[in-house]
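S.K.: The structure file protein.tsv (TSV, C-alpha atoms) is provided below.
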chain	number	residue	atom	x	y	z
A	156	MET	CA	2.73	9.91	8.01
A	157	LEU	CA	0.58	8.43	10.74
A	158	PRO	CA	-2.24	10.45	12.20
A	159	ALA	CA	-1.44	11.95	15.58
A	160	SER	CA	-4.32	10.11	17.22
A	161	LEU	CA	-2.82	6.78	16.18
A	162	MET	CA	0.68	7.62	17.29
A	163	ALA	CA	-0.26	9.17	20.61
A	164	ILE	CA	0.61	6.90	23.48
A	165	PRO	CA	-1.19	7.49	26.74
A	166	ASP	CA	1.14	8.28	29.59
A	167	GLU	CA	1.20	6.08	32.65
A	168	ARG	CA	-0.97	8.43	34.68
A	169	MET	CA	-3.82	8.06	32.21
A	170	THR	CA	-3.84	4.27	32.24
A	171	ASP	CA	-3.76	2.01	35.24
A	172	ASP	CA	-2.77	-1.04	33.28
A	173	ALA	CA	0.90	-1.22	32.32
A	174	GLY	CA	0.05	-4.06	29.92
A	175	GLN	CA	-2.30	-1.78	28.01
A	176	LEU	CA	0.48	0.79	27.70
A	177	GLU	CA	2.88	-1.84	26.37
A	178	ASP	CA	0.21	-3.07	23.92
A	179	SER	CA	-0.23	0.43	22.51
A	180	ARG	CA	3.55	0.76	22.14
A	181	ALA	CA	3.70	-2.60	20.37
A	182	ILE	CA	0.97	-1.52	17.94
A	183	GLU	CA	2.80	1.75	17.34
A	184	ARG	CA	6.07	-0.09	16.59
A	185	PHE	CA	4.28	-2.47	14.24
A	186	LEU	CA	2.54	0.35	12.34
A	187	ARG	CA	5.80	2.28	12.03
A	188	SER	CA	7.48	-0.83	10.65
A	189	VAL	CA	4.90	-1.28	7.86
A	190	GLU	CA	3.89	2.29	7.04
A	191	ARG	CA	6.39	2.99	4.24
A	192	ARG	CA	5.86	-0.34	2.52
A	193	ALA	CA	2.10	0.01	2.87
A	194	LEU	CA	2.24	3.47	1.32
A	195	ARG	CA	4.32	2.17	-1.58
A	196	MET	CA	1.88	-0.68	-2.13
A	197	ALA	CA	-1.09	1.70	-2.08
A	198	GLU	CA	0.71	4.10	-4.44
A	199	LEU	CA	1.31	1.29	-6.90
A	200	ALA	CA	-2.36	0.34	-6.72
A	201	THR	CA	-3.80	3.86	-7.02
A	202	ARG	CA	-1.05	5.78	-8.85
A	203	GLN	CA	-2.02	8.77	-6.68
A	204	ARG	CA	0.00	9.64	-3.58
A	205	GLU	CA	-2.79	11.49	-1.76
A	206	GLU	CA	-5.24	8.65	-2.29
A	207	ALA	CA	-2.59	6.17	-1.16
A	208	ILE	CA	-1.95	8.11	2.06
A	209	ASP	CA	-5.68	8.17	2.79
A	210	LEU	CA	-5.97	4.43	2.14
A	211	VAL	CA	-3.04	3.58	4.43
A	212	GLN	CA	-4.31	5.79	7.24
A	213	ASP	CA	-7.79	4.32	6.91
A	214	ALA	CA	-6.31	0.81	6.93
A	215	MET	CA	-4.30	1.61	10.07
A	216	PHE	CA	-7.35	2.94	11.87
A	217	GLY	CA	-9.39	-0.08	10.82
A	218	PHE	CA	-6.62	-2.47	11.84
A	219	VAL	CA	-6.22	-0.94	15.30
A	220	ARG	CA	-9.98	-0.84	15.81
A	221	SER	CA	-10.62	-4.43	14.69
A	222	TYR	CA	-7.41	-6.34	15.40
A	223	GLY	CA	-5.38	-4.33	17.91
A	224	ALA	CA	-6.26	-6.73	20.70
A	225	ARG	CA	-5.04	-9.78	18.77
A	226	ASP	CA	-1.68	-11.43	19.36
A	227	ALA	CA	1.18	-9.51	17.72
A	228	ALA	CA	2.18	-12.59	15.71
A	229	GLU	CA	-1.15	-12.36	13.86
A	230	TRP	CA	-0.79	-8.67	12.95
A	231	PRO	CA	1.12	-8.77	9.62
A	232	PRO	CA	-1.39	-10.78	7.55
A	233	LEU	CA	-4.31	-9.04	9.25
A	234	PHE	CA	-2.93	-5.59	8.48
A	235	TRP	CA	-2.27	-6.49	4.85
A	236	ARG	CA	-5.78	-7.92	4.59
A	237	VAL	CA	-7.26	-4.64	5.86
A	238	LEU	CA	-5.14	-2.65	3.40
A	239	ASP	CA	-6.10	-5.03	0.60
A	240	SER	CA	-9.78	-4.46	1.41
A	241	ARG	CA	-9.31	-0.68	1.33
A	242	ILE	CA	-7.54	-0.92	-2.04
A	243	HIS	CA	-10.31	-3.09	-3.49
A	244	ASP	CA	-12.95	-0.69	-2.18
A	245	TRP	CA	-11.07	2.22	-3.76
A	246	HIS	CA	-10.94	0.45	-7.14
A	247	ARG	CA	-14.67	-0.32	-6.92
A	248	ARG	CA	-15.46	3.33	-6.18
A	249	GLN	CA	-13.26	4.43	-9.08
A	250	ARG	CA	-15.14	2.15	-11.49
A	251	VAL	CA	-18.49	3.53	-10.34
A	252	ARG	CA	-17.25	7.11	-10.56
A	253	GLY	CA	-15.82	6.43	-14.00
A	254	ARG	CA	-19.11	5.03	-15.18
A	255	TRP	CA	-21.28	7.89	-13.97
A	256	PHE	CA	-19.05	10.94	-13.66
A	257	THR	CA	-16.52	10.78	-16.48
A	258	TRP	CA	-16.72	14.54	-16.89
A	259	LEU	CA	-15.33	14.94	-13.34
A	260	ASP	CA	-12.28	12.79	-13.98
A	261	ARG	CA	-9.48	14.32	-11.90
A	262	ARG	CA	-6.68	12.79	-13.95
A	263	GLU	CA	-7.34	15.25	-16.80
A	264	GLU	CA	-7.10	18.21	-14.43
A	265	ASP	CA	-3.78	17.00	-13.06
A	266	GLY	CA	-2.17	17.40	-16.48
A	267	ASP	CA	-2.79	21.17	-16.49
A	268	ASP	CA	-0.97	21.90	-13.23
A	269	PRO	CA	1.47	24.78	-13.88
A	270	LEU	CA	3.55	23.86	-10.81
A	271	ALA	CA	4.37	20.48	-12.35
A	272	ALA	CA	6.63	22.25	-14.87
A	273	VAL	CA	8.73	23.98	-12.16
A	274	PRO	CA	12.14	22.25	-11.80
A	275	ASP	CA	13.02	20.73	-8.44
A	276	ALA	CA	16.05	22.45	-6.89
A	277	ARG	CA	17.00	19.26	-5.04
A	278	GLU	CA	17.28	17.32	-8.31
A	279	PRO	CA	20.87	16.04	-8.71
A	280	GLY	CA	20.81	16.39	-12.47
A	281	PRO	CA	19.63	14.48	-15.50
A	282	LEU	CA	22.69	12.23	-15.86
A	283	ALA	CA	22.69	11.11	-12.24
A	284	ARG	CA	18.95	10.59	-12.33
A	285	LEU	CA	19.21	8.58	-15.52
A	286	ALA	CA	22.02	6.39	-14.18
A	287	ASP	CA	20.34	5.76	-10.83
A	288	GLY	CA	16.71	5.71	-11.74
A	289	GLU	CA	16.28	4.00	-15.08
A	290	ALA	CA	16.00	0.48	-13.68
A	291	ALA	CA	13.93	1.65	-10.71
A	292	LEU	CA	11.50	3.41	-13.02
A	293	ALA	CA	11.26	0.34	-15.20
A	294	LEU	CA	10.53	-1.80	-12.14
A	295	ALA	CA	7.87	0.63	-10.91
A	296	ALA	CA	6.25	0.71	-14.35
A	297	ALA	CA	6.39	-3.08	-14.59
A	298	LEU	CA	4.79	-3.43	-11.16
A	299	GLN	CA	2.05	-0.97	-12.04
A	300	ALA	CA	1.36	-2.87	-15.25
A	301	LEU	CA	0.77	-6.13	-13.38
A	302	PRO	CA	-2.82	-7.14	-12.69
A	303	LEU	CA	-3.85	-6.25	-9.13
A	304	ARG	CA	-3.79	-9.79	-7.71
A	305	GLN	CA	-0.38	-10.55	-9.23
A	306	ARG	CA	1.01	-7.29	-7.85
A	307	GLN	CA	-0.38	-8.06	-4.39
A	308	ALA	CA	1.08	-11.57	-4.38
A	309	PHE	CA	4.48	-10.22	-5.48
A	310	LEU	CA	4.57	-7.40	-2.92
A	311	LEU	CA	3.33	-9.47	0.01
A	312	ARG	CA	5.50	-12.53	-0.67
A	313	LEU	CA	8.73	-10.94	-1.89
A	314	TRP	CA	8.75	-7.37	-0.52
A	315	GLU	CA	7.02	-8.07	2.77
A	316	GLY	CA	8.43	-11.56	3.18
A	317	LEU	CA	5.15	-13.12	4.26
A	318	ASP	CA	4.94	-16.88	3.86
A	319	VAL	CA	2.43	-18.47	1.49
A	320	ALA	CA	-0.16	-19.09	4.22
A	321	ALA	CA	0.00	-15.52	5.56
A	322	THR	CA	-0.18	-14.12	2.02
A	323	ALA	CA	-3.21	-16.30	1.28
A	324	SER	CA	-4.84	-15.05	4.46
A	325	ALA	CA	-4.11	-11.42	3.58
A	326	MET	CA	-5.37	-11.82	0.01
A	327	ARG	CA	-8.33	-13.98	1.06
A	328	CYS	CA	-7.56	-16.76	-1.40
A	329	SER	CA	-6.08	-20.24	-1.37
A	330	GLU	CA	-2.37	-20.93	-1.05
A	331	GLY	CA	-2.44	-22.38	-4.57
A	332	SER	CA	-3.84	-19.11	-5.91
A	333	VAL	CA	-1.03	-17.19	-4.22
A	334	LYS	CA	1.54	-19.44	-5.89
A	335	THR	CA	-0.17	-19.05	-9.27
A	336	HIS	CA	-0.42	-15.25	-8.98
A	337	LEU	CA	3.22	-15.01	-7.87
A	338	SER	CA	4.44	-17.26	-10.68
A	339	ARG	CA	2.58	-15.20	-13.27
A	340	ALA	CA	3.82	-11.95	-11.73
A	341	LEU	CA	7.44	-13.13	-11.87
A	342	ALA	CA	7.05	-14.24	-15.50
A	343	ASN	CA	5.51	-10.86	-16.44
A	344	LEU	CA	8.24	-8.94	-14.61
A	345	ARG	CA	11.01	-11.01	-16.24
A	346	ASN	CA	9.57	-10.27	-19.68
A	347	ARG	CA	9.19	-6.55	-19.03
A	348	LEU	CA	12.56	-6.09	-17.33
A	349	GLU	CA	14.68	-8.21	-19.70
A	350	PRO	CA	16.30	-5.09	-21.29
A	351	HIS	CA	17.55	-3.98	-17.83
A	352	ARG	CA	19.45	-7.15	-16.97
Just give me the structure as structure tokens.
M.R.:
Amino acid sequence: MLPASLMAIPDERMTDDAGQLEDSRAIERFLRSVERRALRMAELATRQREEAIDLVQDAMFGFVRSYGARDAAEWPPLFWRVLDSRIHDWHRRQRVRGRWFTWLDRREEDGDDPLAAVPDAREPGPLARLADGEAALALAAALQALPLRQRQAFLLRLWEGLDVAATASAMRCSEGSVKTHLSRALANLRNRLEPHR
């Protein structure tokens, strides 16, 4: 998932400072610990896996470049803030593209992909998929239907486990706004997921 240049750790011959080597290993461990959740968050925001991968990689590069020298305790909210910025920038670009280049909309082309109709050989079968995935699909759809700020508050607070202050820092809003967004997100999710209780 991560670009090779991010994951490459210099060997001890290339660096004279053992502390610098340990710092790069700490950053690598941190990025590995958040990469899957960051990708899922970006996928929920963009609904396009390739775009989500690009956003997460760009966020990781930006994080390392801007905040890699900071104390490791500060990294989680800073990383999520960088990813949040990338997601907002992506949504802004999509609005501009939609306004000016509607005839180039890629979502229409995706529907005509002949490979999408080919069955997956690894698929366990429709009954197993239905039994295992119905609630998960409903949750994913409910999360995607949430407004962006509510979805971010939900994912950062409940999936990532950040406290209110760290979530507010990552979302660049007040702690009260985080609580409001989270409360509304939970109410929306309860309403949408009531049939799956």
S.K.: Taking (12.9, -2.3, -21.2) in the file's coordinates as the center, which residues reach within 12 Å of it, counting all atoms listed in the file, put as a list in words?
M.R.: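 With a cut-off of 12 Å, the residues come to Glu289, Ala290, Ala291, Leu292, Ala293, Leu294, Ala295, Ala296, Ala297, Leu344, Arg345, Asn346, Arg347, Leu348, Glu349, Pro350, His351 and Arg352 of chain A.
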S.K.: Once you have the residues from the selection above, write them out as a JSON list (two decimals), in the frame of the given file, restricted to C-alpha atoms.
M.R.:
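Once everything was written out, this is again.json:
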[["chain", "number", "residue", "atom", "x", "y", "z"],
["A", 289, "GLU", "CA", 16.28, 4.00, -15.08],
["A", 290, "ALA", "CA", 16.00, 0.48, -13.68],
["A", 291, "ALA", "CA", 13.93, 1.65, -10.71],
["A", 292, "LEU", "CA", 11.50, 3.41, -13.02],
["A", 293, "ALA", "CA", 11.26, 0.34, -15.20],
["A", 294, "LEU", "CA", 10.53, -1.80, -12.14],
["A", 295, "ALA", "CA", 7.87, 0.63, -10.91],
["A", 296, "ALA", "CA", 6.25, 0.71, -14.35],
["A", 297, "ALA", "CA", 6.39, -3.08, -14.59],
["A", 344, "LEU", "CA", 8.24, -8.94, -14.61],
["A", 345, "ARG", "CA", 11.01, -11.01, -16.24],
["A", 346, "ASN", "CA", 9.57, -10.27, -19.68],
["A", 347, "ARG", "CA", 9.19, -6.55, -19.03],
["A", 348, "LEU", "CA", 12.56, -6.09, -17.33],
["A", 349, "GLU", "CA", 14.68, -8.21, -19.70],
["A", 350, "PRO", "CA", 16.30, -5.09, -21.29],
["A", 351, "HIS", "CA", 17.55, -3.98, -17.83],
["A", 352, "ARG", "CA", 19.45, -7.15, -16.97]]
S.K.: Just the number, please: distance in Å from atom CA of A:Gln203 to atom CA of A:Arg312, one decimal.
M.R.: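 So the answer is 23.4 Å.
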S.K.: Name the residues in contact with stretch 227-244 of chain A at a cut-off of 7 Å, using only C-alpha atoms, excluding same-chain residues fewer than 6 positions from it; report them as a list of chain:residue names.
M.R.: A:Ala197, A:Leu210, A:Val211, A:Ala214, A:Phe218, A:Ala321, A:Thr322, A:Ser324, A:Ala325, A:Met326
S.K.: As an exercise, work out the distance from atom CA of A:Gln307 to atom CA of A:Arg247 in Å and give it to one decimal place.
M.R.: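 One can read the atom CA of A:Gln307 to atom CA of A:Arg247 distance as 16.4 Å.
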S.K.: What is the atom CA of A:Ala308-atom CA of A:Arg250 distance in Å, reported with one decimal?
M.R.: 22.4 Å
S.K.: Please determine, counting all atoms listed in the file, which residue among A:Ser188, A:Ser329, A:Gln175, A:Gln305 has the shortest atom-to-atom distance to A:Leu341.
M.R.: A:Gln305
S.K.: For stretch 181-191 of chain A, what centre and edge lengths in Å (one decimal) does the axis-aligned box get once 3 Å is added on each side of all its listed atoms, as lines of an AutoDock Vina configuration file?
M.R.:
center_x = 4.2
center_y = 0.2
center_z = 12.3
size_x = 12.5
size_y = 11.6
size_z = 22.1
S.K.: Find, counting all atoms listed in the file, the residue in A:Ala181, A:Val219, A:Ile208, A:Met196 that gets nearest to A:Phe309.
M.R.: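 Looking at the shortest contact to A:Phe309, the residue is A:Met196.
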S.K.: Applying 12 Å and all atoms listed in the file, which residues near A:Arg195 remain after dropping the ones on its own chain fewer than 3 positions away? List them as a PyMOL selection string.
M.R.: chain A and resi 189-192+198-208+210-211+238+295+298-299+306-307+310-311+314-315
S.K.: N, CA, C and O atoms for stretch 288-306 of chain A, written as a PDB file, in the coordinates of the input, could you do that?
M.R.:
ATOM      1  N   GLY A 288      18.133   5.969 -11.770  1.00  0.00           N
ATOM      2  CA  GLY A 288      16.710   5.710 -11.740  1.00  0.00           C
ATOM      3  C   GLY A 288      16.111   4.928 -12.872  1.00  0.00           C
ATOM      4  O   GLY A 288      14.937   4.564 -12.795  1.00  0.00           O
ATOM      5  N   GLU A 289      16.866   4.650 -13.907  1.00  0.00           N
ATOM      6  CA  GLU A 289      16.280   4.000 -15.080  1.00  0.00           C
ATOM      7  C   GLU A 289      15.707   2.623 -14.742  1.00  0.00           C
ATOM      8  O   GLU A 289      14.570   2.310 -15.081  1.00  0.00           O
ATOM      9  N   ALA A 290      16.473   1.810 -14.049  1.00  0.00           N
ATOM     10  CA  ALA A 290      16.000   0.480 -13.680  1.00  0.00           C
ATOM     11  C   ALA A 290      14.867   0.557 -12.658  1.00  0.00           C
ATOM     12  O   ALA A 290      13.902  -0.211 -12.725  1.00  0.00           O
ATOM     13  N   ALA A 291      14.982   1.493 -11.715  1.00  0.00           N
ATOM     14  CA  ALA A 291      13.930   1.650 -10.710  1.00  0.00           C
ATOM     15  C   ALA A 291      12.615   2.083 -11.348  1.00  0.00           C
ATOM     16  O   ALA A 291      11.543   1.589 -10.983  1.00  0.00           O
ATOM     17  N   LEU A 292      12.709   2.989 -12.310  1.00  0.00           N
ATOM     18  CA  LEU A 292      11.500   3.410 -13.020  1.00  0.00           C
ATOM     19  C   LEU A 292      10.901   2.276 -13.821  1.00  0.00           C
ATOM     20  O   LEU A 292       9.672   2.113 -13.875  1.00  0.00           O
ATOM     21  N   ALA A 293      11.758   1.494 -14.434  1.00  0.00           N
ATOM     22  CA  ALA A 293      11.260   0.340 -15.200  1.00  0.00           C
ATOM     23  C   ALA A 293      10.574  -0.655 -14.287  1.00  0.00           C
ATOM     24  O   ALA A 293       9.529  -1.208 -14.631  1.00  0.00           O
ATOM     25  N   LEU A 294      11.153  -0.882 -13.096  1.00  0.00           N
ATOM     26  CA  LEU A 294      10.530  -1.800 -12.140  1.00  0.00           C
ATOM     27  C   LEU A 294       9.191  -1.248 -11.676  1.00  0.00           C
ATOM     28  O   LEU A 294       8.198  -1.979 -11.624  1.00  0.00           O
ATOM     29  N   ALA A 295       9.132   0.028 -11.352  1.00  0.00           N
ATOM     30  CA  ALA A 295       7.870   0.630 -10.910  1.00  0.00           C
ATOM     31  C   ALA A 295       6.811   0.532 -12.002  1.00  0.00           C
ATOM     32  O   ALA A 295       5.661   0.189 -11.732  1.00  0.00           O
ATOM     33  N   ALA A 296       7.203   0.810 -13.238  1.00  0.00           N
ATOM     34  CA  ALA A 296       6.250   0.710 -14.350  1.00  0.00           C
ATOM     35  C   ALA A 296       5.801  -0.726 -14.553  1.00  0.00           C
ATOM     36  O   ALA A 296       4.622  -0.993 -14.803  1.00  0.00           O
ATOM     37  N   ALA A 297       6.741  -1.663 -14.432  1.00  0.00           N
ATOM     38  CA  ALA A 297       6.390  -3.080 -14.590  1.00  0.00           C
ATOM     39  C   ALA A 297       5.453  -3.536 -13.490  1.00  0.00           C
ATOM     40  O   ALA A 297       4.501  -4.292 -13.733  1.00  0.00           O
ATOM     41  N   LEU A 298       5.689  -3.070 -12.268  1.00  0.00           N
ATOM     42  CA  LEU A 298       4.790  -3.430 -11.160  1.00  0.00           C
ATOM     43  C   LEU A 298       3.404  -2.838 -11.358  1.00  0.00           C
ATOM     44  O   LEU A 298       2.392  -3.489 -11.089  1.00  0.00           O
ATOM     45  N   GLN A 299       3.345  -1.603 -11.811  1.00  0.00           N
ATOM     46  CA  GLN A 299       2.050  -0.970 -12.040  1.00  0.00           C
ATOM     47  C   GLN A 299       1.288  -1.651 -13.168  1.00  0.00           C
ATOM     48  O   GLN A 299       0.066  -1.675 -13.164  1.00  0.00           O
ATOM     49  N   ALA A 300       2.006  -2.218 -14.116  1.00  0.00           N
ATOM     50  CA  ALA A 300       1.360  -2.870 -15.250  1.00  0.00           C
ATOM     51  C   ALA A 300       0.814  -4.254 -14.892  1.00  0.00           C
ATOM     52  O   ALA A 300      -0.022  -4.790 -15.614  1.00  0.00           O
ATOM     53  N   LEU A 301       1.276  -4.816 -13.782  1.00  0.00           N
ATOM     54  CA  LEU A 301       0.770  -6.130 -13.380  1.00  0.00           C
ATOM     55  C   LEU A 301      -0.696  -6.043 -12.988  1.00  0.00           C
ATOM     56  O   LEU A 301      -1.134  -5.034 -12.426  1.00  0.00           O
ATOM     57  N   PRO A 302      -1.457  -7.092 -13.229  1.00  0.00           N
ATOM     58  CA  PRO A 302      -2.820  -7.140 -12.690  1.00  0.00           C
ATOM     59  C   PRO A 302      -2.777  -7.049 -11.165  1.00  0.00           C
ATOM     60  O   PRO A 302      -1.788  -7.462 -10.543  1.00  0.00           O
ATOM     61  N   LEU A 303      -3.826  -6.535 -10.569  1.00  0.00           N
ATOM     62  CA  LEU A 303      -3.850  -6.250  -9.130  1.00  0.00           C
ATOM     63  C   LEU A 303      -3.474  -7.460  -8.287  1.00  0.00           C
ATOM     64  O   LEU A 303      -2.635  -7.360  -7.395  1.00  0.00           O
ATOM     65  N   ARG A 304      -4.045  -8.616  -8.546  1.00  0.00           N
ATOM     66  CA  ARG A 304      -3.790  -9.790  -7.710  1.00  0.00           C
ATOM     67  C   ARG A 304      -2.335 -10.257  -7.852  1.00  0.00           C
ATOM     68  O   ARG A 304      -1.717 -10.676  -6.877  1.00  0.00           O
ATOM     69  N   GLN A 305      -1.780 -10.175  -9.045  1.00  0.00           N
ATOM     70  CA  GLN A 305      -0.380 -10.550  -9.230  1.00  0.00           C
ATOM     71  C   GLN A 305       0.528  -9.584  -8.473  1.00  0.00           C
ATOM     72  O   GLN A 305       1.492  -9.994  -7.825  1.00  0.00           O
ATOM     73  N   ARG A 306       0.212  -8.299  -8.547  1.00  0.00           N
ATOM     74  CA  ARG A 306       1.010  -7.290  -7.850  1.00  0.00           C
ATOM     75  C   ARG A 306       0.945  -7.516  -6.345  1.00  0.00           C
ATOM     76  O   ARG A 306       1.962  -7.450  -5.649  1.00  0.00           O
TER      77      ARG A 306
END
